[in-house]
Each structure stands twice: as C-alpha cells, then as structure tokens.
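Trainee: The file below is start14.cif, mmCIF, C-alpha atoms and all ligand atoms:
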data_entry
loop_
_atom_site.label_atom_id
_atom_site.label_comp_id
_atom_site.auth_asym_id
_atom_site.auth_seq_id
_atom_site.Cartn_x
_atom_site.Cartn_y
_atom_site.Cartn_z
CA MET O 139 0.00 0.00 0.00
CA ALA O 140 1.38 3.42 -0.90
CA ILE O 141 2.35 5.92 1.79
CA HIS O 142 -0.28 8.62 2.23
CA THR O 143 1.88 11.50 1.11
CA ILE O 144 -0.76 13.58 -0.64
CA LEU O 145 -3.25 13.10 2.18
CA GLN O 146 -0.56 14.16 4.65
CA GLN O 147 0.16 17.23 2.54
CA ILE O 148 -3.52 18.22 2.58
CA ILE O 149 -3.88 17.57 6.31
CA SER O 150 -0.72 19.55 7.09
CA ALA O 151 -1.99 22.45 4.97
CA LYS O 152 -5.31 22.36 6.80
CA GLU O 153 -3.56 22.43 10.17
CA SER O 154 -1.38 25.36 9.18
CA GLY O 155 -4.15 27.33 7.45
CA LYS O 156 -2.54 27.06 4.03
CA LYS O 157 -5.14 26.96 1.28
CA LEU O 158 -4.72 24.63 -1.68
CA PHE O 159 -5.73 24.69 -5.26
CA ALA O 160 -6.49 21.89 -7.75
CA GLN O 161 -6.97 22.17 -11.49
CA LEU O 162 -9.37 19.71 -13.09
CA ILE O 163 -8.10 18.34 -16.37
CA ASP O 164 -10.79 16.78 -18.54
CA PRO O 165 -8.86 14.64 -21.05
CA ASP O 166 -11.53 15.25 -23.71
CA LYS O 167 -10.67 18.95 -23.65
CA ILE O 168 -6.95 18.43 -24.33
CA GLU O 169 -6.22 18.92 -28.02
CA GLY O 170 -2.75 17.39 -28.16
CA TYR O 171 0.74 17.32 -26.67
CA ASP O 172 1.38 21.05 -27.17
CA HIS O 173 -1.92 21.96 -25.53
CA LEU O 174 -1.15 19.75 -22.53
CA TYR O 175 2.27 21.38 -22.26
CA GLU O 176 0.62 24.82 -22.21
CA VAL O 177 -1.75 23.65 -19.47
CA ALA O 178 1.16 22.30 -17.40
CA ARG O 179 3.26 25.44 -17.85
CA ASN O 180 0.36 27.68 -16.95
CA ALA O 181 -0.42 25.61 -13.85
CA VAL O 182 3.19 25.83 -12.67
CA ASP O 183 3.11 29.62 -13.13
CA ALA O 184 -0.15 29.82 -11.15
CA LYS O 185 1.26 27.56 -8.39
CA VAL O 186 -1.50 24.98 -8.71
CA ASP O 187 -1.03 22.33 -5.99
CA PHE O 188 -2.63 19.31 -7.71
CA PHE O 189 -4.10 18.20 -11.00
CA PHE O 190 -7.35 16.29 -10.77
CA PHE O 191 -7.66 14.19 -13.93
CA GLY O 192 -10.99 12.87 -15.20
CA GLY O 193 -14.54 13.75 -16.07
CA SER O 194 -18.11 12.55 -15.72
CA LEU O 195 -18.28 11.62 -19.38
CA VAL O 196 -14.98 10.91 -21.12
CA TRP O 197 -15.43 9.55 -24.62
CA LYS O 198 -12.54 10.53 -26.88
CA PRO O 199 -9.68 8.06 -27.37
CA GLU O 200 -6.52 9.42 -25.76
CA PRO O 201 -3.95 10.19 -28.48
CA PHE O 202 -1.12 9.58 -25.97
CA ASP O 203 -0.66 8.71 -22.30
CA MET O 204 -1.69 12.05 -20.83
CA VAL O 205 -1.21 11.18 -17.16
CA SER O 206 2.40 10.00 -17.52
CA THR O 207 3.17 12.85 -19.91
CA LEU O 208 1.75 15.40 -17.50
CA ARG O 209 3.83 13.98 -14.67
CA ASN O 210 6.95 14.26 -16.79
CA MET O 211 6.15 17.84 -17.77
CA CYS O 212 6.10 19.26 -14.24
CA ASN O 213 6.20 18.41 -10.53
CA ILE O 214 2.51 18.97 -9.83
CA PRO O 215 1.02 15.71 -8.53
CA VAL O 216 -1.63 14.08 -10.73
CA VAL O 217 -4.67 12.72 -8.87
CA LEU O 218 -7.16 10.60 -10.79
CA PHE O 219 -10.77 11.72 -10.43
CA PRO O 220 -12.60 8.96 -12.27
CA SER O 221 -16.33 8.55 -12.71
CA SER O 222 -16.02 4.87 -13.60
CA PRO O 223 -13.42 2.06 -13.66
CA MET O 224 -13.06 2.72 -17.41
CA GLN O 225 -11.08 5.82 -16.47
CA LEU O 226 -8.49 3.98 -14.38
CA ARG O 227 -4.94 4.17 -15.64
CA LYS O 228 -1.43 3.71 -14.37
CA GLY O 229 1.05 6.47 -13.73
CA ALA O 230 -0.88 8.86 -11.48
CA ASP O 231 0.33 9.80 -8.01
CA ALA O 232 -3.01 9.14 -6.33
CA ILE O 233 -6.68 8.52 -6.90
CA LEU O 234 -9.70 10.15 -5.33
CA PHE O 235 -11.47 6.91 -4.39
CA ILE O 236 -14.85 8.57 -4.30
CA SER O 237 -18.05 7.17 -2.89
CA LEU O 238 -21.03 9.27 -3.98
CA ILE O 239 -22.57 9.55 -0.54
CA SER O 240 -25.12 12.22 -1.46
CA GLY O 241 -26.76 9.65 -3.75
CA ARG O 242 -28.43 6.30 -3.34
CA ASN O 243 -27.06 4.61 -6.44
CA ALA O 244 -25.28 1.49 -5.19
CA GLU O 245 -22.88 1.42 -8.15
CA TYR O 246 -21.46 4.83 -7.18
CA LEU O 247 -21.54 4.09 -3.45
CA ILE O 248 -19.64 0.76 -3.57
CA GLY O 249 -20.17 -1.11 -6.87
CA HIS O 250 -17.48 0.46 -9.06
CA HIS O 251 -15.09 0.35 -6.10
CA ILE O 252 -15.26 -3.44 -5.93
CA THR O 253 -14.42 -3.65 -9.62
CA ALA O 254 -11.52 -1.24 -9.20
CA ALA O 255 -10.02 -2.37 -5.88
CA PRO O 256 -7.86 -5.32 -7.04
CA TYR O 257 -6.40 -3.20 -9.84
CA LEU O 258 -5.70 -0.32 -7.47
CA LYS O 259 -4.03 -2.56 -4.88
CA ASN O 260 -1.15 -3.19 -7.29
CA SER O 261 -1.12 0.19 -8.99
CA GLY O 262 1.29 1.95 -6.62
CA MET O 263 -1.12 4.86 -6.42
CA GLU O 264 -2.03 6.50 -3.13
CA ILE O 265 -5.67 5.78 -2.40
CA LEU O 266 -7.61 8.77 -1.07
CA PRO O 267 -10.94 7.58 0.43
CA THR O 268 -13.26 10.46 -0.36
CA GLY O 269 -16.89 11.16 0.43
CA TYR O 270 -18.30 12.77 -2.71
CA ILE O 271 -21.29 15.06 -2.23
CA LEU O 272 -23.11 16.51 -5.23
CA VAL O 273 -25.01 19.75 -4.66
CA HIS O 274 -27.73 21.17 -6.88
CA THR O 275 -27.05 24.85 -7.56
CA GLY O 276 -29.28 25.57 -10.54
CA GLN O 277 -29.08 23.20 -13.50
CA THR O 278 -28.69 19.47 -13.84
CA THR O 279 -24.98 18.79 -14.38
CA THR O 280 -23.41 15.90 -16.26
CA ALA O 281 -22.24 14.43 -12.94
CA GLN O 282 -25.81 14.37 -11.61
CA TYR O 283 -27.25 12.93 -14.81
CA ILE O 284 -24.61 10.27 -15.38
CA SER O 285 -24.62 9.12 -11.74
CA ASN O 286 -28.42 9.00 -11.72
CA THR O 287 -28.53 10.50 -8.24
CA SER O 288 -30.35 13.36 -6.58
CA PRO O 289 -27.96 16.08 -5.48
CA ILE O 290 -28.44 17.84 -2.16
CA PRO O 291 -30.51 21.03 -2.58
CA ALA O 292 -28.41 24.19 -2.34
CA ASN O 293 -30.49 25.53 0.54
CA LYS O 294 -30.05 22.46 2.76
CA PRO O 295 -26.60 22.84 4.37
CA GLU O 296 -27.70 20.69 7.29
CA ILE O 297 -28.18 17.70 4.96
CA ALA O 298 -24.70 18.21 3.53
CA ALA O 299 -23.26 18.45 7.05
CA ALA O 300 -24.98 15.27 8.24
CA THR O 301 -23.96 13.45 5.06
CA ALA O 302 -20.33 14.49 5.48
CA LEU O 303 -20.38 13.51 9.15
CA ALA O 304 -21.67 10.05 8.25
CA GLY O 305 -18.92 9.77 5.64
CA GLU O 306 -16.29 10.73 8.18
CA MET O 307 -17.70 8.21 10.67
CA LEU O 308 -17.44 5.56 7.95
CA GLY O 309 -13.72 6.35 7.65
CA MET O 310 -13.54 8.65 4.63
CA LYS O 311 -10.46 10.89 4.83
CA LEU O 312 -11.60 13.72 2.56
CA MET O 313 -14.94 15.32 1.68
CA TYR O 314 -15.58 16.70 -1.80
CA LEU O 315 -18.51 19.10 -2.16
CA ASP O 316 -19.17 19.47 -5.87
CA ALA O 317 -21.74 21.55 -7.73
CA GLY O 318 -20.63 19.62 -10.85
CA SER O 319 -18.42 20.77 -13.68
CA GLY O 320 -19.80 23.82 -15.45
CA ALA O 321 -22.36 24.52 -12.72
CA VAL O 322 -23.99 27.93 -12.93
CA ASP O 323 -23.19 28.63 -9.30
CA THR O 324 -20.80 27.29 -6.69
CA VAL O 325 -21.66 25.37 -3.56
CA SER O 326 -22.58 28.11 -1.10
CA PRO O 327 -20.02 29.20 1.51
CA ARG O 328 -22.83 28.62 4.04
CA MET O 329 -22.96 24.94 3.12
CA VAL O 330 -19.16 24.65 3.18
CA LYS O 331 -19.14 26.21 6.66
CA ALA O 332 -21.83 23.81 7.86
CA VAL O 333 -19.71 20.85 6.71
CA HIS O 334 -16.57 22.41 8.16
CA ASP O 335 -18.24 22.94 11.54
CA MET O 336 -19.57 19.36 11.66
CA THR O 337 -16.47 17.45 10.49
CA SER O 338 -12.72 17.46 10.90
CA VAL O 339 -11.49 15.99 7.61
CA PRO O 340 -10.16 18.27 4.84
CA ILE O 341 -12.81 19.65 2.50
CA ILE O 342 -12.48 19.90 -1.28
CA VAL O 343 -14.94 22.22 -3.05
CA GLY O 344 -15.51 22.60 -6.78
CA GLY O 345 -17.99 23.19 -9.54
CA GLY O 346 -18.83 26.57 -11.05
CA VAL O 347 -15.92 28.47 -9.46
CA ARG O 348 -15.03 31.35 -11.78
CA THR O 349 -13.75 34.34 -9.77
CA PRO O 350 -11.14 35.13 -7.11
CA LEU O 351 -13.97 36.36 -4.87
CA GLN O 352 -15.65 32.95 -5.02
CA VAL O 353 -12.36 31.19 -4.28
CA ARG O 354 -11.76 33.43 -1.29
CA ALA O 355 -15.31 32.98 0.04
CA LEU O 356 -15.03 29.18 -0.22
CA HIS O 357 -11.59 29.09 1.40
CA ASP O 358 -12.79 31.43 4.17
CA ALA O 359 -15.81 29.20 4.79
CA GLY O 360 -13.59 26.18 5.39
CA ALA O 361 -12.66 24.72 2.00
CA ASP O 362 -9.11 23.37 2.12
CA VAL O 363 -8.84 22.67 -1.61
CA VAL O 364 -10.73 24.62 -4.27
CA VAL O 365 -11.04 22.97 -7.69
CA ILE O 366 -11.05 24.92 -10.95
CA GLY O 367 -11.89 23.33 -14.28
CA THR O 368 -14.13 24.99 -16.83
CA VAL O 369 -13.06 28.60 -16.37
CA ALA O 370 -9.40 27.67 -16.83
CA GLU O 371 -10.27 25.80 -20.04
CA GLU O 372 -11.97 28.97 -21.30
CA ASN O 373 -9.27 31.34 -20.10
CA PRO O 374 -6.05 29.65 -18.92
CA HIS O 375 -4.53 32.90 -17.68
CA ILE O 376 -7.23 33.39 -15.07
CA LEU O 377 -5.60 30.67 -12.93
CA SER O 378 -2.94 33.04 -11.62
CA ALA O 379 -5.57 35.59 -10.61
CA LEU O 380 -7.56 32.89 -8.83
CA CYS O 381 -4.48 31.79 -6.89
CA THR O 382 -3.21 35.19 -5.83
CA HIS O 383 -5.05 35.32 -2.52
CA LYS O 384 -3.69 32.00 -1.28
CA VAL O 385 -2.40 32.19 2.28
CA ASN O 386 1.02 30.57 2.18
C1 LIG O 401 -15.98 19.43 -11.18
O1 LIG O 401 -15.22 20.53 -9.27
C2 LIG O 401 -14.93 20.29 -10.60
O2 LIG O 401 -15.97 18.19 -10.56
C3 LIG O 401 -14.65 21.53 -11.40
O3 LIG O 401 -15.82 22.20 -11.84
O4 LIG O 401 -15.40 22.67 -14.25
O5 LIG O 401 -17.11 23.97 -12.98
O6 LIG O 401 -14.68 24.32 -12.55
P1 LIG O 401 -15.73 23.35 -12.96
#
Would you put the structure from the file into structure tokens?

Mentor:
Amino acid sequence: MAIHTILQQIISAKESGKKLFAQLIDPDKIEGYDHLYEVARNAVDAKVDFFFFGGSLVWKPEPFDMVSTLRNMCNIPVVLFPSSPMQLRKGADAILFISLISGRNAEYLIGHHITAAPYLKNSGMEILPTGYILVHTGQTTTAQYISNTSPIPANKPEIAAATALAGEMLGMKLMYLDAGSGAVDTVSPRMVKAVHDMTSVPIIVGGGVRTPLQVRALHDAGADVVVIGTVAEENPHILSALCTHKVN
C-alpha cells in the first residue's frame, strides 16, 4: 500500500491554514501534446497544488498517455478523479477513491469500487478515500445525470453536514462538495461552513468556481482545496488571478 503523502500534505496544509488549489483536467478537452504542455506550464506559473484528472463523461480516445506525460512535464502531482473504472490508468500519483454519498445509487456508493479495488491494490497509487457530495445549484450537471442520483438542494446545508459527518464516521479521509463541472453557481459558503463545523477531515470544493472572490469565500468558509476546471479551459490565464489570494 502506498504511503499517504498527498493526504498528509492536505492535512498539514489544513492544520497550518494554508489553502490549496487543484486544477481539473478533462482529457476530452486536451487537443494534443502542445496543448497539454501549455496547461502544465500555466499551472506551474499559477502555483497549482494538484491536478485532478478525469470527467463525468470521457469519450474521446486518448492520443497519448496524458497522465504520464503530464507527470513528466512538471512536478505537480496528478490525482485521478474517475467517474467509472473505465477511467483507471497507471502512472498517477493518487486517486480520489470517491463514494457518492449524497446519492443512493449502489454502483457509485460501492459497486465500481469493488471492480476497481484489485487493480488499485497493485497500482502503486495512493488511495484517497473520499466522500463525494453533489449539490444542486441551478441546472442538472453531467455528474448528476450520469450518476443517476439526486444532489443535495443548495439551501439544505444541514443535509450536507450530516452526510459528510456520516462519511467521516465511515472512515472517509476527505470530503468533496461538488456543484458539478460547469455549474452555474458554486456550492454556497454557508454549506461549506456547515460541513466544516460538523467534520474534521479536509474539504475539497468545486464546480462553477469562476472568480477570485468565489475562491476566497469558499476558502474562508472552510474549504481546504478549491477545484477549478471549466473557467481555466476557457481562459487559462485566469488561474494566476484565482491563486493570488492563497495564504502561504
Ligand atoms: C468538477 O469541481 C470540478 O468536478 C470543477 O468544476 O469545471 O465547474 O470548474 P468546474
């Protein structure tokens, strides 16, 4: 079993008040080697802490091994963020081993995990047991549709807090509150604070984050890692602006 280096890094950051930043890389949005190199270079400039690699619906054949290539391009750790065992691959530093605890779809709670576990045992990757909580903030996202689950309503922070607490009691080491990629709004800082006040594990928050103000509000509410995907695909140079307020 791999040593929990990335988990330790996130826990240490939480304890010291350092805020972290992850960039979501959807392999379908990468147009080739040069594009991936641009993404890596931009992320290094912006001081991104982790890459999350995956998507709710990945359908294009990969023209080359993006995970290994990305790892060779820079020192930013690559963490798989798969929606199904079809997205497993070797070469990443870690995997968010997510159980979709806001839903009641057995495949996303435990089914896919059983399929993946024997492969992961010998993969050398750090396994990050993560409670994954989808939140409805306006429109149905691909993550909600593909997982066939009901997200937690945006105005019910107490449900998110109780769900996260149950996940922590079940042994999950991280909580991921996600409005879904491309969401029209972020998870509310009020909900993040409710989860923060109820639990002690590090909190990852993503989905619909587009501005430095939103990043700051989420970090201030208790998010330890904020995830940026769509807005950086649209405008790569915004990453640096989003990272500028980080407390280091
Ligand atoms: C989705 O949290 C990530 O799982 C990122 O969302 O693409 O909306 O930034 P965005």

Trainee: I'd like the interatomic distance between atom CA of O:Val322 and atom CA of O:Gln277, to a tenth of an Å.

Mentor: 7.0 Å

Trainee: Give me, as a tab-separated table, each residue of chain O that comes within 9 Å of ligand LIG 401 (chain O), together with its shortest interatomic pair and the distance in Å at one decimal, counting only C-alpha atoms and all ligand atoms, with rows ordered by chain and rising residue number.

Mentor:
residue	atom	partner	partner_atom	distance
O:Ala160	CA	O:LIG401	C3	8.9
O:Gln161	CA	O:LIG401	C3	7.7
O:Leu162	CA	O:LIG401	C3	5.8
O:Ile163	CA	O:LIG401	O4	8.7
O:Asp164	CA	O:LIG401	O4	8.6
O:Phe190	CA	O:LIG401	C2	8.6
O:Gly192	CA	O:LIG401	O2	8.6
O:Gly193	CA	O:LIG401	O2	7.2
O:Ser194	CA	O:LIG401	O2	7.9
O:Phe219	CA	O:LIG401	O2	8.3
O:Ala281	CA	O:LIG401	O2	7.7
O:Tyr314	CA	O:LIG401	O1	8.4
O:Leu315	CA	O:LIG401	O1	8.0
O:Asp316	CA	O:LIG401	O1	5.3
O:Ala317	CA	O:LIG401	O1	6.8
O:Gly318	CA	O:LIG401	C1	4.7
O:Ser319	CA	O:LIG401	O3	3.5
O:Gly320	CA	O:LIG401	O5	3.7
O:Ala321	CA	O:LIG401	O5	5.3
O:Val322	CA	O:LIG401	O5	7.9
O:Asp323	CA	O:LIG401	O5	8.5
O:Thr324	CA	O:LIG401	O5	8.0
O:Ile342	CA	O:LIG401	O1	8.5
O:Val343	CA	O:LIG401	O1	6.5
O:Gly344	CA	O:LIG401	O1	3.3
O:Gly345	CA	O:LIG401	O3	3.3
O:Gly346	CA	O:LIG401	O5	3.7
O:Val347	CA	O:LIG401	O6	5.3
O:Arg348	CA	O:LIG401	O6	7.1
O:Val364	CA	O:LIG401	O1	7.9
O:Val365	CA	O:LIG401	O1	5.1
O:Ile366	CA	O:LIG401	O6	4.0
O:Gly367	CA	O:LIG401	O6	3.4
O:Thr368	CA	O:LIG401	O4	3.7
O:Val369	CA	O:LIG401	O6	6.0
O:Ala370	CA	O:LIG401	O6	7.6
O:Glu371	CA	O:LIG401	O4	8.3

Trainee: May I have the residues within 10 Å of O:Gly360 as an MDAnalysis selection string, using all atoms listed in the file and disregarding those fewer than 6 positions away in the same chain?

Mentor: chainID O and resid 152 155 157 327:335 340:343

Trainee: Between atom CA of O:Ile233 and atom CA of O:Val217, what is the spacing in Å?

Mentor: 5.1 Å

Trainee: Between O:Glu306, O:Asp183, O:Glu245, O:Glu169, which one has atoms that come closest to O:Ile376, using all atoms listed in the file?

Mentor: O:Asp183

Trainee: What's around O:Met224 at 10 Å? Count only C-alpha atoms, leave out sequence neighbours fewer than 5 positions away in its own chain, and write the answer as a list in words.

Mentor: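 Contacts, in chain order: Val196, His250 and Ala254 of chain O.
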
Trainee: Quick one: pull the distance between atom CA of O:Ala300 and atom CA of O:Thr349, Å, one decimal.

Mentor: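 So the answer is 28.5 Å.
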
Trainee: Between O:Ser288, O:Ser378, O:Asn180, O:Thr301, which residue has the minimum interatomic distance to O:Arg242, considering all atoms listed in the file?

Mentor: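 Closest residue, counting all atoms listed in the file: O:Ser288.
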
Trainee: If you count all atoms listed in the file, which residues fall within 8 Å of stretch 230-232 of chain O, apart from same-chain ones fewer than 6 positions away, as a PyMOL selection string?

Mentor: chain O and resi 144+205-206+209+215-218+263-266

Trainee: Output C-alpha atoms for every residue in the selection just made, as a compact mmCIF listing (two decimals), in the coordinates of the input.

Mentor:
# COMPACT_ATOMS: atom_id res chain seq x y z
CA ILE O 144 -0.76 13.58 -0.64
CA VAL O 205 -1.21 11.18 -17.16
CA SER O 206 2.40 10.00 -17.52
CA ARG O 209 3.83 13.98 -14.67
CA PRO O 215 1.02 15.71 -8.53
CA VAL O 216 -1.63 14.08 -10.73
CA VAL O 217 -4.67 12.72 -8.87
CA LEU O 218 -7.16 10.60 -10.79
CA MET O 263 -1.12 4.86 -6.42
CA GLU O 264 -2.03 6.50 -3.13
CA ILE O 265 -5.67 5.78 -2.40
CA LEU O 266 -7.61 8.77 -1.07

Trainee: Calculated over only C-alpha atoms, which of the candidates O:Ala304, O:Leu226, O:Leu238, O:Val325 has the smallest distance to O:Pro256?

Mentor: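 Going through O:Ala304, O:Leu226, O:Leu238, O:Val325 one by one, the smallest distance to O:Pro256 is for O:Leu226.
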
Trainee: Restricting the calculation to all atoms listed in the file, which member of O:Met313, O:Ile248, O:Leu377, O:Met307 is positioned closest to O:Val177?

Mentor: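 The closest residue to O:Val177 is O:Leu377.
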
Trainee: As AutoDock Vina command-line options, please report the centre and edge lengths, rounded to one decimal in Å, of the axis-aligned box that holds all listed atoms of stretch 216-225 of chain O with 3 Å of padding on each of the six sides.

Mentor:
--center_x -9.0 --center_y 8.1 --center_z -13.1 --size_x 20.7 --size_y 18.0 --size_z 14.5

Trainee: So which one's closest to O:Asp358, O:Arg179, O:Ala255, O:Leu272, O:Ser326? Using all atoms listed in the file, please.

Mentor: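 So, comparing all the options, the nearest one is O:Ser326.
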
Trainee: Please identify all polymer residues lying at most 8 Å from the point (-16.9, 6.0, -5.0) (file coordinates), using all atoms listed in the file, and present the result as a list in words.

Mentor: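 Residues with an atom at most 8 Å from (-16.9, 6.0, -5.0): Phe235, Ile236, Ser237, Leu238, Tyr246, Leu247, Ile248, His250, His251, Thr268, Gly269 and Tyr270 of chain O.
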
Trainee: Taking all atoms listed in the file into account, name the residue in O:Val353, O:Leu208, O:Leu234, O:Met336 that is nearest to O:Glu296.

Mentor: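 Among the listed residues, the smallest separation from O:Glu296 belongs to O:Met336.
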